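Printed here is query_38.cif (mmCIF, C-alpha atoms):
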```
data_entry
#
loop_
_atom_site.label_atom_id
_atom_site.label_comp_id
_atom_site.auth_asym_id
_atom_site.auth_seq_id
_atom_site.Cartn_x
_atom_site.Cartn_y
_atom_site.Cartn_z
CA MET A 1 185.14 -92.43 122.03
CA ALA A 2 181.95 -90.60 123.00
CA GLU A 3 182.51 -91.76 126.58
CA GLU A 4 186.07 -90.47 126.51
CA ILE A 5 184.89 -87.02 125.34
CA ILE A 6 182.26 -86.94 128.10
CA GLU A 7 184.92 -87.94 130.62
CA TYR A 8 187.18 -85.07 129.45
CA SER A 9 184.29 -82.67 129.82
CA TYR A 10 183.46 -84.01 133.28
CA GLN A 11 187.08 -83.58 134.40
CA ASN A 12 187.28 -80.04 132.98
CA PRO A 13 184.12 -78.27 134.18
CA GLY A 14 183.36 -74.92 132.55
CA LYS A 15 185.75 -75.59 129.68
CA LYS A 16 185.14 -76.28 126.04
CA ILE A 17 186.32 -79.57 124.53
CA ILE A 18 187.64 -79.49 120.98
CA VAL A 19 187.84 -82.90 119.33
CA TRP A 20 190.11 -83.10 116.29
CA ILE A 21 189.39 -86.13 114.17
CA GLY A 22 191.83 -87.11 111.46
CA GLU A 23 190.06 -87.79 108.17
CA LEU A 24 191.86 -91.13 107.92
CA GLN A 25 190.02 -92.39 110.98
CA GLN A 26 186.87 -92.49 108.82
CA ILE A 27 184.65 -91.71 111.79
CA ASP A 28 180.99 -90.84 111.21
CA VAL A 29 180.80 -87.46 112.98
CA GLY A 30 176.97 -87.47 112.95
CA LEU A 31 176.86 -90.81 114.78
CA LEU A 32 179.48 -89.62 117.24
CA GLN A 33 177.41 -86.52 118.03
CA ILE A 34 174.33 -88.65 118.65
CA ALA A 35 176.31 -90.93 120.98
CA ILE A 36 177.71 -87.94 122.91
CA LYS A 37 174.24 -86.43 123.25
CA GLU A 38 172.74 -89.71 124.51
CA ILE A 39 175.50 -90.44 127.02
CA ALA A 40 175.46 -86.85 128.29
CA LYS A 41 171.69 -87.14 128.75
CA VAL A 42 171.96 -90.40 130.71
CA LYS A 43 174.80 -89.09 132.87
CA LYS A 44 173.09 -85.71 133.24
CA ILE A 45 176.20 -83.84 132.15
CA LYS A 46 176.16 -80.58 130.23
CA ILE A 47 178.90 -80.74 127.64
CA ASP A 48 180.37 -77.88 125.64
CA TYR A 49 182.25 -79.38 122.72
CA GLU A 50 183.08 -79.01 119.07
CA ILE A 51 184.19 -81.63 116.57
CA LYS A 52 186.68 -80.57 113.91
CA THR A 53 188.01 -82.67 111.04
CA GLU A 54 191.66 -82.58 110.11
CA ASN A 55 192.05 -83.27 106.39
CA VAL A 56 194.62 -85.78 105.21
CA GLU A 57 197.88 -84.48 103.87
CA LEU A 58 200.50 -86.85 102.51
CA GLU A 59 204.08 -86.37 101.35
CA CYS A 60 205.62 -88.71 98.81
CA LEU A 61 209.00 -89.98 99.99
CA THR A 62 210.06 -90.77 96.43
CA CYS A 63 209.38 -87.48 94.57
CA GLY A 64 208.48 -85.11 97.44
CA LYS A 65 204.98 -84.20 96.21
CA ARG A 66 202.50 -83.16 98.88
CA TRP A 67 198.83 -83.88 98.28
CA SER A 68 195.45 -84.37 99.92
CA PRO A 69 193.77 -87.49 98.55
CA ASN A 70 190.04 -87.65 98.07
CA LEU A 71 189.08 -90.57 100.29
CA GLU A 72 185.63 -90.64 98.73
CA ASN A 73 187.25 -92.25 95.68
CA LEU A 74 187.99 -95.35 97.76
CA SER A 75 185.57 -98.27 97.96
CA GLU A 76 183.45 -98.74 101.10
CA LYS A 77 185.53 -101.80 102.02
CA GLU A 78 188.78 -99.85 101.69
CA LYS A 79 187.39 -97.02 103.83
CA GLU A 80 186.32 -99.52 106.47
CA VAL A 81 189.78 -101.09 106.54
CA ILE A 82 191.40 -97.64 106.88
CA HIS A 83 188.99 -96.89 109.73
CA PHE A 84 190.33 -99.89 111.66
CA LEU A 85 193.96 -99.39 110.72
CA PRO A 86 194.79 -96.01 109.14
CA GLU A 87 198.24 -97.24 108.06
CA THR A 88 196.55 -99.53 105.53
CA CYS A 89 196.07 -96.38 103.43
CA HIS A 90 199.54 -97.26 102.10
CA ALA A 91 197.89 -100.22 100.36
CA PHE A 92 195.16 -98.14 98.72
CA LEU A 93 196.69 -94.74 97.96
CA SER A 94 199.63 -93.72 95.83
CA CYS A 95 201.39 -90.54 94.82
CA PRO A 96 199.51 -88.76 91.99
CA ASN A 97 202.86 -87.65 90.57
CA CYS A 98 205.04 -90.77 90.56
CA GLY A 99 202.70 -93.57 91.67
CA SER A 100 204.74 -94.50 94.74
CA SER A 101 202.99 -95.81 97.84
CA ASP A 102 205.98 -94.79 99.93
CA PHE A 103 204.61 -91.67 101.57
CA ARG A 104 204.44 -89.97 104.93
CA ILE A 105 201.19 -89.07 106.64
CA ILE A 106 201.66 -85.43 107.56
CA LYS A 107 198.16 -84.70 108.78
CA GLY A 108 194.82 -86.39 109.16
CA ARG A 109 195.63 -89.39 111.33
CA GLY A 110 194.43 -90.02 114.87
CA ILE A 111 192.21 -88.19 117.29
CA ARG A 112 193.26 -85.50 119.70
CA ILE A 113 191.31 -83.65 122.31
CA GLU A 114 191.98 -80.06 123.35
CA VAL A 115 190.53 -78.38 126.38
CA LYS A 116 189.71 -74.68 126.03
CA LYS A 117 188.12 -72.14 128.31
CA SER A 118 184.41 -71.81 127.54
CA ARG A 119 183.36 -68.58 125.91
CA ALA A 120 180.24 -68.54 128.05
CA MET F 1 206.77 -92.63 118.66
CA LYS F 2 206.20 -92.52 122.40
CA LEU F 3 203.40 -94.64 123.76
CA LYS F 4 201.03 -92.60 125.95
CA SER F 5 200.00 -94.17 129.23
CA PRO F 6 196.23 -94.34 128.45
CA GLU F 7 197.13 -96.30 125.30
CA LEU F 8 199.28 -98.67 127.29
CA GLU F 9 196.46 -99.05 129.79
CA LEU F 10 194.03 -99.92 127.00
CA ILE F 11 196.44 -102.46 125.54
CA ARG F 12 196.91 -104.12 128.94
CA LYS F 13 193.13 -104.19 129.36
CA ARG F 14 192.79 -105.96 126.01
CA PHE F 15 195.21 -108.67 127.16
CA LYS F 16 194.07 -109.08 130.75
CA ASN F 17 192.29 -112.38 129.99
CA VAL F 18 195.19 -113.82 128.03
CA LYS F 19 197.04 -116.24 130.29
CA LYS F 20 200.22 -116.69 128.26
CA ILE F 21 201.64 -114.71 125.35
CA ILE F 22 204.32 -116.46 123.34
CA ALA F 23 206.26 -114.61 120.67
CA VAL F 24 207.69 -117.03 118.12
CA SER F 25 210.68 -115.06 117.05
CA GLY F 26 213.95 -115.32 115.20
CA ALA F 27 216.18 -112.62 113.80
CA LYS F 28 216.87 -114.58 110.62
CA GLY F 29 214.26 -114.97 107.90
CA GLY F 30 213.24 -118.34 106.48
CA VAL F 31 213.87 -120.40 109.62
CA GLY F 32 210.26 -121.56 109.95
CA LYS F 33 208.72 -119.15 112.47
CA SER F 34 205.34 -119.12 110.73
CA THR F 35 205.26 -122.88 110.39
CA VAL F 36 206.15 -123.32 114.07
CA SER F 37 203.57 -120.66 115.08
CA SER F 38 200.78 -122.20 113.00
CA LEU F 39 201.43 -125.80 113.97
CA LEU F 40 201.99 -124.96 117.62
CA SER F 41 198.65 -123.09 117.64
CA LEU F 42 196.90 -126.10 116.10
CA LYS F 43 198.52 -128.42 118.61
CA LEU F 44 197.70 -126.27 121.63
CA SER F 45 194.13 -125.73 120.46
CA GLU F 46 193.47 -129.45 120.96
CA LYS F 47 193.25 -128.79 124.70
CA ASN F 48 193.28 -125.00 125.11
CA VAL F 49 191.73 -121.75 123.94
CA VAL F 50 194.30 -120.35 121.52
CA GLY F 51 194.83 -117.17 119.52
CA LEU F 52 197.27 -116.80 116.63
CA PHE F 53 198.40 -113.30 115.73
CA ASP F 54 200.46 -113.05 112.54
CA LEU F 55 202.43 -109.86 113.09
CA ASP F 56 204.35 -110.05 109.85
CA PHE F 57 202.79 -107.18 107.88
CA PHE F 58 205.12 -107.56 104.90
CA ASN F 59 205.04 -111.31 104.38
CA PRO F 60 202.12 -112.78 106.29
CA SER F 61 202.04 -116.52 105.79
CA CYS F 62 200.19 -118.25 108.66
CA HIS F 63 196.94 -118.00 106.68
CA VAL F 64 198.63 -119.74 103.74
CA ILE F 65 199.87 -122.54 105.97
CA LEU F 66 196.40 -123.00 107.47
CA GLY F 67 194.69 -122.55 104.08
CA ILE F 68 192.28 -119.85 105.22
CA LYS F 69 190.98 -116.49 104.03
CA PRO F 70 190.73 -114.74 107.37
CA THR F 71 188.09 -112.18 108.25
CA PHE F 72 186.92 -110.49 111.44
CA LYS F 73 183.79 -109.15 113.11
CA GLU F 74 183.31 -105.58 114.27
CA GLU F 75 182.12 -105.45 117.83
CA LYS F 76 183.51 -102.51 119.82
CA GLY F 77 186.78 -103.24 118.03
CA ILE F 78 188.05 -106.13 115.97
CA VAL F 79 186.94 -109.61 116.99
CA PRO F 80 189.11 -112.21 115.24
CA SER F 81 187.33 -115.07 113.49
CA LYS F 82 187.92 -118.69 114.51
CA TYR F 83 189.48 -121.30 112.26
CA PHE F 84 190.13 -124.88 113.39
CA GLY F 85 189.42 -123.71 116.93
CA ILE F 86 192.01 -120.90 116.73
CA LYS F 87 191.16 -117.21 117.02
CA PHE F 88 193.15 -115.83 114.13
CA PHE F 89 194.24 -112.38 113.06
CA SER F 90 196.63 -111.25 110.38
CA ILE F 91 197.00 -108.12 108.28
CA VAL F 92 195.30 -110.12 105.52
CA SER F 93 192.17 -110.17 107.69
CA LEU F 94 191.98 -106.49 106.67
CA THR F 95 193.51 -106.45 103.22
CA GLN F 96 195.13 -108.86 100.79
CA LYS F 97 197.02 -106.00 99.17
CA PRO F 98 200.74 -105.66 99.88
CA LEU F 99 201.46 -103.24 102.68
CA ALA F 100 204.93 -101.72 102.84
CA LEU F 101 205.40 -99.56 105.93
CA ARG F 102 208.31 -97.57 107.24
CA GLY F 103 209.36 -97.76 110.89
CA GLU F 104 207.11 -95.16 112.51
CA ASP F 105 204.03 -96.32 110.58
CA LEU F 106 204.79 -99.91 111.48
CA THR F 107 204.87 -99.03 115.17
CA ARG F 108 201.62 -97.05 114.90
CA ALA F 109 199.93 -99.95 113.09
CA LEU F 110 201.14 -102.43 115.70
CA PHE F 111 199.87 -100.34 118.62
CA GLU F 112 196.57 -99.72 116.85
CA LEU F 113 196.00 -103.45 116.40
CA PHE F 114 197.02 -104.20 119.98
CA LYS F 115 194.45 -101.60 121.11
CA THR F 116 191.69 -102.67 118.76
CA ILE F 117 191.73 -106.46 118.66
CA ARG F 118 189.55 -108.11 121.27
CA TRP F 119 191.05 -111.53 121.93
CA GLY F 120 188.85 -112.23 124.94
CA HIS F 121 189.80 -115.20 127.10
CA LEU F 122 192.79 -117.16 125.84
CA ASP F 123 195.03 -119.78 127.41
CA TYR F 124 197.70 -118.99 124.83
CA LEU F 125 198.27 -116.21 122.34
CA ILE F 126 200.90 -117.19 119.80
CA ILE F 127 202.49 -114.23 118.03
CA ASP F 128 204.23 -114.98 114.77
CA CYS F 129 206.93 -112.31 114.59
CA PRO F 130 208.58 -111.03 111.43
CA PRO F 131 212.32 -111.55 111.08
CA GLY F 132 214.70 -108.88 112.27
CA LEU F 133 215.34 -106.98 115.44
CA SER F 134 213.75 -103.68 114.59
CA ASN F 135 210.26 -102.22 115.12
CA VAL F 136 208.07 -105.21 115.91
CA PHE F 137 210.69 -106.84 118.12
CA LEU F 138 211.41 -103.63 120.01
CA ASP F 139 207.73 -102.72 120.32
CA LEU F 140 206.86 -106.11 121.78
CA LEU F 141 209.55 -105.55 124.39
CA ARG F 142 208.40 -102.08 125.32
CA LEU F 143 204.77 -103.10 125.73
CA ARG F 144 205.79 -105.11 128.80
CA LEU F 145 202.92 -107.53 128.40
CA ASN F 146 204.77 -110.41 130.01
CA ILE F 147 205.61 -111.90 126.64
CA SER F 148 207.75 -115.03 126.57
CA PHE F 149 210.01 -115.59 123.58
CA LEU F 150 210.33 -118.88 121.76
CA LEU F 151 213.32 -118.55 119.45
CA VAL F 152 213.58 -120.38 116.16
CA SER F 153 216.82 -121.12 114.35
CA THR F 154 218.06 -123.53 111.73
CA PRO F 155 221.35 -125.39 112.06
CA SER F 156 223.33 -122.91 109.99
CA LEU F 157 226.10 -120.60 111.07
CA LEU F 158 224.24 -117.58 109.65
CA SER F 159 221.11 -118.35 111.62
CA PHE F 160 223.12 -119.16 114.72
CA SER F 161 224.96 -115.81 114.68
CA SER F 162 221.61 -113.99 114.37
CA LEU F 163 220.28 -116.08 117.24
CA LEU F 164 223.21 -115.08 119.47
CA ARG F 165 222.55 -111.39 118.80
CA GLN F 166 218.88 -111.77 119.62
CA ILE F 167 219.58 -113.67 122.84
CA GLU F 168 221.98 -110.95 123.97
CA LEU F 169 219.35 -108.27 123.35
CA LEU F 170 216.62 -110.23 125.11
CA GLN F 171 218.81 -110.94 128.11
CA LYS F 172 219.79 -107.27 128.38
CA ARG F 173 216.08 -106.41 128.53
CA GLU F 174 215.45 -109.24 131.01
CA ALA F 175 212.86 -110.74 128.67
CA LYS F 176 211.78 -114.31 129.27
CA ILE F 177 213.18 -116.84 126.81
CA ILE F 178 211.20 -120.09 126.86
CA GLY F 179 213.72 -121.92 124.73
CA ILE F 180 215.20 -122.47 121.31
CA ILE F 181 213.66 -124.51 118.52
CA TRP F 182 216.31 -125.96 116.25
CA ASN F 183 214.23 -126.27 113.15
CA MET F 184 214.73 -128.21 109.90
CA VAL F 185 217.47 -130.37 111.43
CA ARG F 186 218.60 -133.22 109.20
CA LYS F 187 221.11 -134.79 111.58
CA ASP F 188 221.20 -134.13 115.33
CA GLU F 189 225.01 -133.81 115.20
CA GLU F 190 224.57 -130.67 113.08
CA ILE F 191 223.57 -128.60 116.08
CA ALA F 192 225.78 -130.18 118.76
CA CYS F 193 228.44 -127.47 118.42
CA TYR F 194 225.84 -124.67 118.63
CA ARG F 195 224.04 -126.19 121.60
CA LYS F 196 227.27 -126.26 123.61
CA LYS F 197 227.64 -122.51 123.24
CA ILE F 198 224.20 -121.55 124.57
CA ASN F 199 222.95 -122.30 128.04
CA ILE F 200 219.25 -122.23 127.13
CA ASN F 201 216.85 -125.17 126.82
CA SER F 202 216.37 -126.28 123.27
CA ILE F 203 214.61 -128.92 121.25
CA ILE F 204 215.13 -130.34 117.82
CA ILE F 205 212.49 -130.36 115.11
CA HIS F 206 213.60 -132.50 112.20
CA PHE F 207 213.28 -131.52 108.57
CA ASP F 208 210.15 -132.99 107.03
CA PRO F 209 210.62 -133.21 103.24
CA GLU F 210 206.93 -133.99 102.78
CA PHE F 211 205.66 -130.92 104.62
CA ASP F 212 205.64 -128.39 101.76
CA ARG F 213 203.05 -130.45 99.92
CA LYS F 214 200.75 -130.34 102.98
CA ILE F 215 200.72 -126.56 103.32
CA GLY F 216 197.19 -125.17 103.10
CA ASN F 217 195.48 -128.38 104.20
CA VAL F 218 195.09 -128.72 107.95
CA SER F 219 194.04 -132.36 107.95
CA SER F 220 197.17 -133.25 105.94
CA ILE F 221 199.28 -131.08 108.24
CA LYS F 222 197.93 -132.95 111.26
CA SER F 223 199.04 -136.24 109.75
CA SER F 224 202.57 -134.96 109.06
CA LYS F 225 205.73 -135.99 110.92
CA LEU F 226 206.38 -132.33 111.59
CA TYR F 227 203.09 -131.92 113.43
CA GLN F 228 203.93 -134.86 115.68
CA GLU F 229 207.29 -133.28 116.46
CA ILE F 230 205.75 -129.90 117.25
CA GLY F 231 204.11 -131.62 120.21
CA LYS F 232 207.53 -131.55 121.89
CA ILE F 233 207.26 -127.76 122.22
CA GLU F 234 204.31 -128.18 124.57
CA ASP F 235 206.71 -129.53 127.21
CA PHE F 236 208.59 -126.24 127.07
CA LEU F 237 205.49 -124.27 127.83
CA ASN F 238 204.55 -126.04 131.05
#
```
As structure tokens - that is how I would like this structure written.
Amino acid sequence: MAEEIIEYSYQNPGKKIIVWIGELQQIDVGLLQIAIKEIAKVKKIKIDYEIKTENVELECLTCGKRWSPNLENLSEKEKEVIHFLPETCHAFLSCPNCGSSDFRIIKGRGIRIEVKKSRA
Amino acid sequence: MKLKSPELELIRKRFKNVKKIIAVSGAKGGVGKSTVSSLLSLKLSEKNVVGLFDLDFFNPSCHVILGIKPTFKEEKGIVPSKYFGIKFFSIVSLTQKPLALRGEDLTRALFELFKTIRWGHLDYLIIDCPPGLSNVFLDLLRLRLNISFLLVSTPSLLSFSSLLRQIELLQKREAKIIGIIWNMVRKDEEIACYRKKININSIIIHFDPEFDRKIGNVSSIKSSKLYQEIGKIEDFLN
């Protein structure tokens, strides 16, 4: 992913790259920043970017409750599985109101990249 | 959910070293798709590099047939582990917990796995499809990965009518149908009337009453009558 962000930056000179990471992706932002820095150094590219996290928001399709689960309550194994396949969250999370695992992921899944004009 | 072209590109890249992708499919449940997929994979792996992808998220069963507890390695994606010479992946490689997904989530999960799993070089990738003609079936068609369909049916009118619907859909989409497996046949005459109505190659796999007791034990499976019969499918593939 670091390479992809660098590539976006390379193709959009003078613009700022905003990377939105859904919380469900369980990506280590610190590690990603290190990887971006290293690749940018090797490729001699100056990159203006910002990483933002989009918190998870779920909606129960049984009772309608909306909630943001605390993913830190999951085990390391469960978090790893969600990292590979975010939809597996349906196996580990359930509605705090009615207990149903039939819910919709409203926010917090996937990665999207926005290109903005640099302030500089 | 629309598939973006970079995603499609990545998926095609993941499958570029896979020579043949065979979807073992059948609109009706309980016709033996997982058994055919598992045994065919075992048979092909005697002479080829084979992958088996259990795409049934709701009722995965290939791992039960093979008697394995599948895992994977993380190496720039998911690298399936090998069992009996077969590279194997199933939703149970990630979690044993039941996973009930609605349509859109099912599609997302399928694309995510197609993007993430690194099959490497394969002569054959056998995909065990879930029953039905909804998400997984439609998504396999829209990926345009040169997938060939091996259709499984039992000699029952219910299964046959589902088979006809699936064939019509596949032909409309100009998908390649390798042939039909008439599975669990007790008497060859049972399927004569069905065979006359379809102009597609087919073979008969006879019902093996002993097979259920061999599930979960590959060496027993390999000594079964059913396993010997599965060898006939290889002729279809060449």
### Task
Could you list the residues chosen by the PyMOL selection byres ((chain F) within 12 of (chain A)) in this structure as a ChimeraX atom specification?
/F:6,57-58,71-79,91-117
### Task
Could you give me, as a PyMOL selection string, the residues within 10 Å of Lys222 (chain F), counting only C-alpha atoms and dropping anything in the same chain fewer than 5 positions from it?
chain F and resi 39+42-43+214+217+227-228
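Between CA of Ile34 (chain A) and CA of Glu76 (chain A) the separation is 22.2 Å.
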### Task
Pull out every residue that the PyMOL selection byres ((chain F and resi 31) around 8) matches in the shown coordinates and put them as a VMD selection string.
chain F and resid 26 28 to 30 32 to 33 152 to 154 159 183 to 184
### Task
Would you be able to write out as a ChimeraX atom specification which residues have an atom within 10 Å of (191.6, -119.2, 122.3) in the file's coordinates, counting only C-alpha atoms?
/F:18,41,44-45,48-52,82,85-88,119-126
### Task
Using the chain letters and numbers from the file, give me the residues hit by the PyMOL selection byres ((chain A and resi 3) around 12), as a list in words.
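For this structure, the PyMOL selection byres ((chain A and resi 3) around 12) resolves to Met1, Ala2, Glu4, Ile5, Ile6, Glu7, Tyr8, Ser9, Tyr10, Leu32, Gln33, Ile34, Ala35, Ile36, Lys37, Glu38, Ile39, Ala40, Lys41, Val42, Lys43, Ile45 and Ile47 of chain A.
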May I have the selected residues written with C-alpha atoms, as a short mmCIF file (atom, residue, chain, number, x, y, z; two decimals), in the coordinates of the input?
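Everything below was put into out16.cif:
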```
data_model
loop_
_atom_site.label_atom_id
_atom_site.label_comp_id
_atom_site.auth_asym_id
_atom_site.auth_seq_id
_atom_site.Cartn_x
_atom_site.Cartn_y
_atom_site.Cartn_z
CA MET A 1 185.14 -92.43 122.03
CA ALA A 2 181.95 -90.60 123.00
CA GLU A 4 186.07 -90.47 126.51
CA ILE A 5 184.89 -87.02 125.34
CA ILE A 6 182.26 -86.94 128.10
CA GLU A 7 184.92 -87.94 130.62
CA TYR A 8 187.18 -85.07 129.45
CA SER A 9 184.29 -82.67 129.82
CA TYR A 10 183.46 -84.01 133.28
CA LEU A 32 179.48 -89.62 117.24
CA GLN A 33 177.41 -86.52 118.03
CA ILE A 34 174.33 -88.65 118.65
CA ALA A 35 176.31 -90.93 120.98
CA ILE A 36 177.71 -87.94 122.91
CA LYS A 37 174.24 -86.43 123.25
CA GLU A 38 172.74 -89.71 124.51
CA ILE A 39 175.50 -90.44 127.02
CA ALA A 40 175.46 -86.85 128.29
CA LYS A 41 171.69 -87.14 128.75
CA VAL A 42 171.96 -90.40 130.71
CA LYS A 43 174.80 -89.09 132.87
CA ILE A 45 176.20 -83.84 132.15
CA ILE A 47 178.90 -80.74 127.64
#
```
### Task
Have a look at CA of Lys19 (chain F) and CA of Ile147 (chain F) and let me know their distance in Å, one decimal.
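CA of Ile147 (chain F) lies 10.3 Å from CA of Lys19 (chain F).
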### Task
Provide the CA of Glu46 (chain F) to CA of Ile22 (chain F) distance in Å, to one decimal place.
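Separation of CA of Glu46 (chain F) and CA of Ile22 (chain F): 17.1 Å.
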### Message
Report as a PyMOL selection string all protein, DNA and RNA residues lying within 10 Å of region 64-67 of chain A, evaluated on all atoms listed in the file, omitting residues in the same chain fewer than 4 positions from it.
### Response
chain A and resi 56-60+95-98+103-106
Could you extract region 97-132 of chain F of the given structure into a file holding C-alpha atoms, as an mmCIF file, in the first residue's frame?
```
data_model
loop_
_atom_site.group_PDB
_atom_site.id
_atom_site.type_symbol
_atom_site.label_atom_id
_atom_site.label_comp_id
_atom_site.auth_asym_id
_atom_site.auth_seq_id
_atom_site.Cartn_x
_atom_site.Cartn_y
_atom_site.Cartn_z
ATOM 1 C CA LYS F 97 -16.930 -19.436 13.554
ATOM 2 C CA PRO F 98 -20.109 -19.328 11.457
ATOM 3 C CA LEU F 99 -20.136 -16.444 9.030
ATOM 4 C CA ALA F 100 -23.513 -15.291 7.722
ATOM 5 C CA LEU F 101 -23.164 -12.562 5.108
ATOM 6 C CA ARG F 102 -25.677 -10.641 3.058
ATOM 7 C CA GLY F 103 -25.215 -10.133 -0.680
ATOM 8 C CA GLU F 104 -23.037 -7.022 -0.805
ATOM 9 C CA ASP F 105 -20.754 -8.253 1.998
ATOM 10 C CA LEU F 106 -20.455 -11.615 0.298
ATOM 11 C CA THR F 107 -19.296 -9.955 -2.904
ATOM 12 C CA ARG F 108 -16.803 -7.760 -1.020
ATOM 13 C CA ALA F 109 -15.428 -10.796 0.817
ATOM 14 C CA LEU F 110 -15.087 -12.747 -2.412
ATOM 15 C CA PHE F 111 -13.212 -9.948 -4.186
ATOM 16 C CA GLU F 112 -10.999 -9.395 -1.155
ATOM 17 C CA LEU F 113 -9.969 -13.056 -1.128
ATOM 18 C CA PHE F 114 -9.409 -13.098 -4.878
ATOM 19 C CA LYS F 115 -7.122 -10.059 -4.434
ATOM 20 C CA THR F 116 -5.312 -11.334 -1.368
ATOM 21 C CA ILE F 117 -4.693 -15.037 -1.909
ATOM 22 C CA ARG F 118 -1.420 -15.828 -3.634
ATOM 23 C CA TRP F 119 -1.909 -19.157 -5.389
ATOM 24 C CA GLY F 120 1.346 -18.948 -7.314
ATOM 25 C CA HIS F 121 1.843 -21.450 -10.122
ATOM 26 C CA LEU F 122 -0.989 -23.942 -10.519
ATOM 27 C CA ASP F 123 -1.950 -26.367 -13.260
ATOM 28 C CA TYR F 124 -5.499 -26.447 -11.901
ATOM 29 C CA LEU F 125 -7.459 -24.354 -9.445
ATOM 30 C CA ILE F 126 -10.627 -26.139 -8.392
ATOM 31 C CA ILE F 127 -13.274 -23.821 -6.962
ATOM 32 C CA ASP F 128 -15.950 -25.445 -4.855
ATOM 33 C CA CYS F 129 -18.957 -23.175 -5.367
ATOM 34 C CA PRO F 130 -21.877 -22.799 -2.988
ATOM 35 C CA PRO F 131 -25.315 -23.773 -4.271
ATOM 36 C CA GLY F 132 -27.511 -21.167 -5.876
#
```
